[in-house]
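Structure file final_21.csv (CSV, C-alpha atoms) follows.
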```csv
chain,number,residue,atom,x,y,z
A,1,MET,CA,6.0,14.4,-26.8
A,2,LEU,CA,8.3,12.1,-24.9
A,3,THR,CA,12.0,12.3,-24.2
A,4,VAL,CA,13.9,9.1,-24.1
A,5,ILE,CA,15.8,8.4,-21.0
A,6,LYS,CA,16.9,4.9,-22.0
A,7,SER,CA,15.9,2.3,-24.7
A,8,LEU,CA,15.3,-1.0,-23.0
A,9,ASN,CA,14.8,-2.9,-26.2
A,10,ASN,CA,13.3,-2.3,-29.7
A,11,ASN,CA,9.8,-2.1,-28.2
A,12,ILE,CA,10.2,-0.6,-24.8
A,13,ILE,CA,11.7,2.7,-23.6
A,14,LEU,CA,12.0,4.6,-20.3
A,15,ALA,CA,10.9,8.1,-21.1
A,16,LYS,CA,10.2,11.4,-19.5
A,17,SER,CA,6.9,13.2,-20.2
A,18,GLU,CA,6.5,17.0,-20.7
A,19,LYS,CA,5.5,17.1,-17.0
A,20,ASN,CA,8.8,15.5,-16.1
A,21,GLU,CA,7.2,12.2,-15.2
A,22,GLU,CA,9.1,8.9,-15.7
A,23,LEU,CA,7.1,6.5,-17.9
A,24,ILE,CA,7.6,3.0,-19.2
A,25,VAL,CA,6.4,3.1,-22.8
A,26,PHE,CA,5.6,0.2,-25.0
A,27,GLY,CA,5.2,0.3,-28.8
A,28,THR,CA,6.4,-1.6,-31.9
A,29,GLY,CA,9.8,-0.4,-32.8
A,30,ILE,CA,9.6,2.6,-30.4
A,31,GLY,CA,13.0,1.9,-28.9
A,32,PHE,CA,14.8,1.0,-32.1
A,33,LYS,CA,18.1,2.9,-32.3
A,34,LYS,CA,16.9,5.4,-29.7
A,35,LYS,CA,19.4,7.0,-27.4
A,36,LYS,CA,19.1,9.3,-24.4
A,37,GLY,CA,17.6,12.7,-25.3
A,38,ASP,CA,15.8,11.6,-28.4
A,39,VAL,CA,12.2,12.8,-28.8
A,40,VAL,CA,9.4,10.3,-29.5
A,41,ASP,CA,5.8,11.1,-30.4
A,42,GLU,CA,3.4,9.6,-27.9
A,43,SER,CA,1.2,8.4,-30.7
A,44,GLN,CA,3.8,5.7,-31.3
A,45,ALA,CA,3.0,4.2,-27.9
A,46,THR,CA,0.6,1.3,-27.6
A,47,LYS,CA,0.7,1.3,-23.8
A,48,VAL,CA,2.1,3.7,-21.2
A,49,PHE,CA,2.7,3.0,-17.5
A,50,GLN,CA,3.4,5.4,-14.8
A,51,SER,CA,4.5,4.2,-11.3
A,52,GLU,CA,3.0,5.3,-8.0
A,53,LYS,CA,4.8,8.2,-6.4
A,54,ASN,CA,6.7,6.1,-4.0
A,55,ILE,CA,8.4,4.1,-6.8
A,56,GLN,CA,11.4,5.5,-8.7
A,57,THR,CA,10.9,3.9,-12.2
A,58,SER,CA,14.5,4.1,-13.2
A,59,GLN,CA,15.6,2.4,-10.0
A,60,PHE,CA,12.9,-0.2,-10.4
A,61,LEU,CA,14.1,-1.1,-13.8
A,62,GLU,CA,17.6,-1.9,-12.6
A,63,HIS,CA,16.5,-5.3,-11.4
A,64,ILE,CA,13.7,-6.1,-14.0
A,65,SER,CA,14.9,-7.6,-17.2
A,66,PRO,CA,13.4,-6.2,-20.5
A,67,GLU,CA,12.0,-9.7,-21.4
A,68,MET,CA,10.2,-9.9,-18.1
A,69,LEU,CA,8.8,-6.4,-18.6
A,70,ALA,CA,7.6,-7.3,-22.0
A,71,VAL,CA,5.8,-10.5,-21.0
A,72,THR,CA,4.3,-8.7,-18.0
A,73,GLU,CA,2.8,-6.1,-20.3
A,74,LYS,CA,1.3,-8.9,-22.4
A,75,ILE,CA,-0.2,-10.5,-19.3
A,76,VAL,CA,-1.7,-7.1,-18.3
A,77,ARG,CA,-3.3,-6.8,-21.8
A,78,LEU,CA,-4.5,-10.4,-21.5
A,79,GLY,CA,-6.1,-9.6,-18.2
A,80,GLU,CA,-7.8,-6.4,-19.3
A,81,GLU,CA,-9.3,-8.3,-22.4
A,82,ASN,CA,-10.5,-11.3,-20.3
A,83,LEU,CA,-11.8,-9.3,-17.3
A,84,GLN,CA,-13.2,-6.5,-19.4
A,85,LYS,CA,-11.9,-4.0,-16.9
A,86,LYS,CA,-9.4,-1.1,-16.9
A,87,LEU,CA,-6.6,-1.9,-14.5
A,88,ASN,CA,-4.5,0.3,-12.3
A,89,GLN,CA,-1.2,1.0,-13.9
A,90,SER,CA,0.6,-0.1,-10.8
A,91,ILE,CA,0.0,-3.8,-11.8
A,92,LEU,CA,2.9,-3.6,-14.3
A,93,PHE,CA,5.3,-2.8,-11.6
A,94,SER,CA,4.0,-5.1,-8.9
A,95,LEU,CA,3.5,-8.1,-11.2
A,96,ALA,CA,6.9,-7.7,-13.0
A,97,ASP,CA,8.6,-7.5,-9.7
A,98,HIS,CA,6.9,-10.6,-8.4
A,99,LEU,CA,7.6,-12.6,-11.6
A,100,GLN,CA,11.3,-11.5,-11.6
A,101,PHE,CA,11.6,-12.7,-8.0
A,102,ALA,CA,9.9,-16.0,-8.8
A,103,LYS,CA,12.3,-16.6,-11.6
A,104,GLU,CA,15.5,-15.7,-9.8
A,105,ARG,CA,14.7,-17.1,-6.3
A,106,PRO,CA,12.1,-19.9,-6.8
A,107,ASN,CA,12.9,-21.5,-3.5
A,108,ASP,CA,12.1,-18.3,-1.6
A,109,VAL,CA,8.6,-18.0,-2.9
A,110,ASN,CA,6.0,-18.6,-0.2
A,111,GLN,CA,4.5,-22.0,-1.1
A,112,ASP,CA,2.5,-22.4,2.1
A,113,ASN,CA,0.2,-19.4,1.9
A,114,PRO,CA,-3.2,-20.9,2.7
A,115,LEU,CA,-5.0,-18.3,0.5
A,116,GLN,CA,-3.6,-20.0,-2.6
A,117,TRP,CA,-6.2,-22.7,-2.2
A,118,GLU,CA,-9.0,-20.2,-1.8
A,119,ILE,CA,-8.2,-17.8,-4.6
A,120,PRO,CA,-9.5,-20.0,-7.4
A,121,TYR,CA,-12.9,-20.0,-5.7
A,122,LEU,CA,-13.0,-16.4,-4.4
A,123,TYR,CA,-11.7,-14.9,-7.7
A,124,HIS,CA,-12.6,-17.4,-10.4
A,125,ASP,CA,-12.1,-15.0,-13.4
A,126,GLU,CA,-8.8,-13.6,-12.1
A,127,TYR,CA,-7.5,-17.1,-11.4
A,128,GLU,CA,-8.3,-18.2,-15.0
A,129,VAL,CA,-6.2,-15.2,-16.2
A,130,GLY,CA,-3.5,-16.4,-13.9
A,131,LYS,CA,-3.5,-19.8,-15.5
A,132,LEU,CA,-3.3,-18.2,-19.0
A,133,ALA,CA,-0.4,-16.0,-17.8
A,134,LEU,CA,1.6,-19.1,-16.8
A,135,GLN,CA,1.2,-20.5,-20.3
A,136,LEU,CA,2.2,-17.2,-21.8
A,137,ILE,CA,5.3,-16.9,-19.6
A,138,GLU,CA,6.4,-20.4,-20.7
A,139,LYS,CA,5.8,-19.7,-24.3
A,140,GLU,CA,7.4,-16.2,-24.4
A,141,ILE,CA,10.5,-16.7,-22.2
A,142,GLY,CA,10.7,-20.4,-21.6
A,143,LEU,CA,10.1,-20.1,-17.9
A,144,THR,CA,7.9,-22.8,-16.2
A,145,LEU,CA,6.5,-21.5,-12.9
A,146,PRO,CA,4.6,-23.8,-10.4
A,147,GLU,CA,0.8,-23.9,-10.7
A,148,MET,CA,0.4,-22.1,-7.4
A,149,GLU,CA,1.7,-19.0,-9.1
A,150,ALA,CA,-1.6,-18.6,-11.0
A,151,ALA,CA,-3.2,-17.8,-7.6
A,152,PHE,CA,-0.6,-15.1,-6.8
A,153,ILE,CA,-0.9,-13.6,-10.3
A,154,ALA,CA,-4.7,-13.5,-9.7
A,155,LEU,CA,-4.2,-11.5,-6.6
A,156,HIS,CA,-2.3,-8.9,-8.5
A,157,PHE,CA,-5.3,-8.5,-10.9
A,158,VAL,CA,-7.6,-8.2,-7.9
A,159,ASN,CA,-5.4,-5.5,-6.4
A,160,ALA,CA,-5.3,-3.6,-9.7
A,161,GLN,CA,-9.1,-3.3,-9.7
A,162,ILE,CA,-9.7,-1.8,-6.3
A,163,ASP,CA,-8.8,1.6,-4.8
A,164,THR,CA,-5.8,0.3,-2.9
A,165,ASN,CA,-2.3,-0.3,-4.1
A,166,SER,CA,-1.3,-2.3,-1.1
A,167,MET,CA,-1.1,-6.1,-1.6
A,168,GLU,CA,-1.3,-6.4,2.2
A,169,ASP,CA,-4.7,-4.7,2.1
A,170,THR,CA,-5.8,-7.0,-0.8
A,171,ILE,CA,-4.8,-10.1,1.1
A,172,GLN,CA,-6.7,-8.9,4.2
A,173,ILE,CA,-9.8,-8.2,2.1
A,174,THR,CA,-9.4,-11.6,0.6
A,175,LYS,CA,-9.3,-13.3,4.0
A,176,LEU,CA,-12.5,-11.4,5.0
A,177,ILE,CA,-14.3,-12.4,1.8
A,178,LYS,CA,-13.2,-16.0,2.5
A,179,ASN,CA,-14.7,-15.8,6.0
A,180,ALA,CA,-17.9,-14.2,4.6
A,181,VAL,CA,-18.4,-17.1,2.2
A,182,LYS,CA,-17.7,-19.5,5.0
A,183,ILE,CA,-20.4,-17.9,7.1
A,184,ILE,CA,-23.0,-18.1,4.4
A,185,GLN,CA,-22.2,-21.8,3.6
A,186,GLN,CA,-22.4,-22.8,7.3
A,187,LEU,CA,-25.5,-20.8,8.1
A,188,PHE,CA,-27.5,-22.0,5.1
A,189,ASP,CA,-25.8,-25.5,4.9
A,190,VAL,CA,-25.0,-25.0,1.2
A,191,HIS,CA,-22.0,-25.4,-1.0
A,192,LEU,CA,-21.9,-22.3,-3.2
A,193,ASP,CA,-21.3,-22.7,-6.9
A,194,LYS,CA,-18.3,-20.4,-7.5
A,195,THR,CA,-18.9,-20.2,-11.2
A,196,THR,CA,-22.3,-18.5,-11.2
A,197,ILE,CA,-23.0,-14.9,-12.1
A,198,SER,CA,-24.5,-14.2,-8.7
A,199,TYR,CA,-21.4,-15.4,-6.9
A,200,SER,CA,-19.2,-13.2,-9.1
A,201,ARG,CA,-21.4,-10.2,-8.4
A,202,PHE,CA,-21.5,-11.0,-4.7
A,203,ILE,CA,-17.7,-11.2,-4.5
A,204,THR,CA,-17.3,-8.0,-6.5
A,205,HIS,CA,-19.8,-6.2,-4.3
A,206,LEU,CA,-18.0,-7.4,-1.1
A,207,ARG,CA,-14.6,-6.5,-2.5
A,208,TYR,CA,-15.5,-2.9,-3.3
A,209,PHE,CA,-17.5,-2.6,-0.1
A,210,LEU,CA,-14.4,-3.6,1.9
A,211,ALA,CA,-12.0,-1.6,-0.2
A,212,ARG,CA,-14.1,1.5,0.1
A,213,HIS,CA,-14.0,1.4,3.8
A,214,LYS,CA,-10.4,0.4,3.9
A,215,SER,CA,-9.5,3.5,1.9
A,216,LYS,CA,-12.0,5.5,4.0
A,217,SER,CA,-13.8,6.6,0.8
A,218,THR,CA,-17.1,8.4,1.4
A,219,VAL,CA,-19.7,7.0,-1.0
A,220,ASP,CA,-23.4,7.5,-0.5
A,221,VAL,CA,-25.2,4.2,-0.3
A,222,ASN,CA,-28.6,5.4,0.9
A,223,MET,CA,-31.7,3.1,0.6
A,224,ASP,CA,-35.3,4.0,1.1
A,225,GLU,CA,-36.5,3.1,4.7
A,226,THR,CA,-39.5,1.3,3.5
A,227,LEU,CA,-37.4,-0.9,1.2
A,228,LYS,CA,-35.0,-1.7,4.0
A,229,GLU,CA,-37.9,-2.8,6.2
A,230,ILE,CA,-39.3,-5.0,3.4
A,231,ILE,CA,-35.8,-6.6,2.9
A,232,GLN,CA,-35.5,-7.3,6.6
A,233,GLU,CA,-38.9,-8.9,6.9
A,234,ARG,CA,-38.9,-10.9,3.6
A,235,TYR,CA,-35.3,-12.1,3.9
A,236,MET,CA,-34.9,-12.6,7.6
A,237,LYS,CA,-32.3,-15.3,7.5
A,238,SER,CA,-30.2,-13.5,4.9
A,239,TYR,CA,-30.5,-10.4,7.0
A,240,ALA,CA,-29.3,-12.3,10.0
A,241,CYS,CA,-26.4,-13.5,7.9
A,242,GLY,CA,-25.6,-9.9,6.9
A,243,LEU,CA,-25.5,-8.9,10.5
A,244,ILE,CA,-23.0,-11.7,11.3
A,245,ILE,CA,-20.8,-10.5,8.4
A,246,LYS,CA,-21.2,-6.9,9.7
A,247,GLU,CA,-20.0,-8.0,13.1
A,248,MET,CA,-17.0,-9.8,11.6
A,249,VAL,CA,-16.0,-6.8,9.5
A,250,GLU,CA,-16.4,-4.3,12.3
A,251,LYS,CA,-14.2,-6.4,14.6
A,252,GLU,CA,-11.5,-6.8,11.9
A,253,PHE,CA,-11.4,-3.2,10.6
A,254,GLN,CA,-12.8,-1.3,13.6
A,255,TRP,CA,-15.3,0.8,11.7
A,256,GLN,CA,-19.0,1.0,11.5
A,257,VAL,CA,-21.1,-0.6,8.8
A,258,SER,CA,-24.4,1.2,8.0
A,259,ASN,CA,-27.7,-0.5,7.8
A,260,ASP,CA,-28.0,0.7,4.2
A,261,GLU,CA,-24.9,-1.2,3.3
A,262,ILE,CA,-26.1,-4.3,5.1
A,263,SER,CA,-29.4,-4.2,3.1
A,264,TYR,CA,-27.5,-4.1,-0.2
A,265,LEU,CA,-25.4,-7.0,1.0
A,266,VAL,CA,-28.5,-9.0,2.0
A,267,ILE,CA,-29.9,-8.6,-1.6
A,268,HIS,CA,-26.7,-10.1,-2.9
A,269,ILE,CA,-26.8,-13.0,-0.4
A,270,GLU,CA,-30.4,-13.7,-1.3
A,271,ARG,CA,-29.6,-13.7,-5.0
A,272,LEU,CA,-26.7,-16.0,-4.4
A,273,LEU,CA,-28.8,-18.5,-2.5
A,274,GLN,CA,-31.6,-18.5,-5.0
A,275,GLU,CA,-29.3,-19.1,-7.9
A,276,ASN,CA,-27.6,-21.8,-5.9
A,277,LYS,CA,-30.9,-23.6,-5.5
A,278,ALA,CA,-31.6,-23.5,-9.2
```
Conversion result in C-alpha cells:
Amino acid sequence: MLTVIKSLNNNIILAKSEKNEELIVFGTGIGFKKKKGDVVDESQATKVFQSEKNIQTSQFLEHISPEMLAVTEKIVRLGEENLQKKLNQSILFSLADHLQFAKERPNDVNQDNPLQWEIPYLYHDEYEVGKLALQLIEKEIGLTLPEMEAAFIALHFVNAQIDTNSMEDTIQITKLIKNAVKIIQQLFDVHLDKTTISYSRFITHLRYFLARHKSKSTVDVNMDETLKEIIQERYMKSYACGLIIKEMVEKEFQWQVSNDEISYLVIHIERLLQENKA
C-alpha cells in the first residue's frame, strides 16, 4: 500500500511506500480528491518512479510542473516502446528537469554543444525517439522546442540504458564513441551507414564496454586463445584498428583494456565493414 504525501493532479501523486521511500506514482484517477495521509492500493498505479538516493523527490517536485511531469512520463513510455528496453527510473527526474529548464529559460540552453550534430548518427534510434518527443511536447502542452532538443533528449535515453546515472559520464562516453567511429572511417576510408543493424550493434557494444569500465564493473569477457589468434590473423586490419581504439580509451580513462575485449571489438568492426560493403 502507498500513503499519499501530496496529490499533484488527478493522475499523479507523491506517495510514501511501506519502506518509507518517496515515490512519484502515475495512474488514471489515482490523485482524484486525494489528500495527505490517504492510502492508495499500488495496483492502481500504471507507473512508479523512485529517485536516486541523492535526490529528495519532494524538493525536486517544487520546481517541476505537474503538466511537465505528465508529458515526461509519456515520453519515457514512448521511449521504452520504441527502443524495446527497460530504462533506469532516473530518466523521469533528469528529463523532466531538463525540459522544465528548456521551457523556462530557453536562452540559457547550450546551443553550441558540438555533440548535438553527432548524436543523430551515434544514437540513431534514441534520436528518433527525441524527435517524437518534441512532437508530443508540442501536442500535449503547446510548447515548441528547437530541433536540437531532440539530440539532448536522446542523450537522456542513452544515459538511462547504461550503468551510470551521470550525464557527464554519458557525454564522455559519447565523445569516445564518436572518436572510435572516426578512427574506423579514416583507417578504412569508408563512410559508415549509421542506419544498419551492425552499426547499431557496434555502438551498443562500445557503449556498454565503456560504461562497464567507467563504473569499474567486473564482468568476465574471456575468449578461447585459439579463437583470438584466428581473429588476429584473419582480420589483421580490423585488429590494428581495435588496438588504436584501445590506446585511445586507455589514454582517456587510464585503465587497461584486455586482449579478450579487443577481440570482441574486432568482430564488431569486421561485421560493420562487411555490411557497409554490401
Worksheet entry | Shell around Glu52 in chain A at 9 Å using only C-alpha atoms, local window under 3 positions removed, as a list of chain:residue names | A:Ile55, A:Gln56, A:Gln89, A:Ser90, A:Asn165
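Taking only C-alpha atoms into account, Glu118 in chain A lies nearest to A:Leu176 out of the set A:Leu145, A:Ala96, A:Leu176, A:Leu87.
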Item to complete: For His63 in chain A, please output as a PyMOL selection string all residues within 10 Å (counting all atoms listed in the file; exclusion window: fewer than 3 positions along the same chain).
Response: chain A and resi 58-60+66+97+100-101
Fill in: One-decimal distance in Å that lies between CA of Cys241 in chain A and CA of Gln186 in chain A
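So the answer is 10.1 Å.
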Fill in: All residues 10 Å or closer to Glu128 in chain A, only C-alpha atoms, same chain fewer than 3 positions away omitted, as a PyMOL selection string
chain A and resi 79+82-83+120+123-125+131-133+150-151+153-154
Practice prompt. Tell me which of A:Ala211, A:Lys175, A:Lys277, A:Met167 sits closest to His191 in chain A, counting only C-alpha atoms.
Written response: A:Lys277
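Note that the spacing between CA of Phe209 in chain A and CA of Glu126 in chain A amounts to 18.5 Å.
The smallest atom-to-atom distance between Gln185 in chain A and any of A:Ser43, A:Ser238, A:Ser17, A:Thr72, using all atoms listed in the file, is found for A:Ser238.
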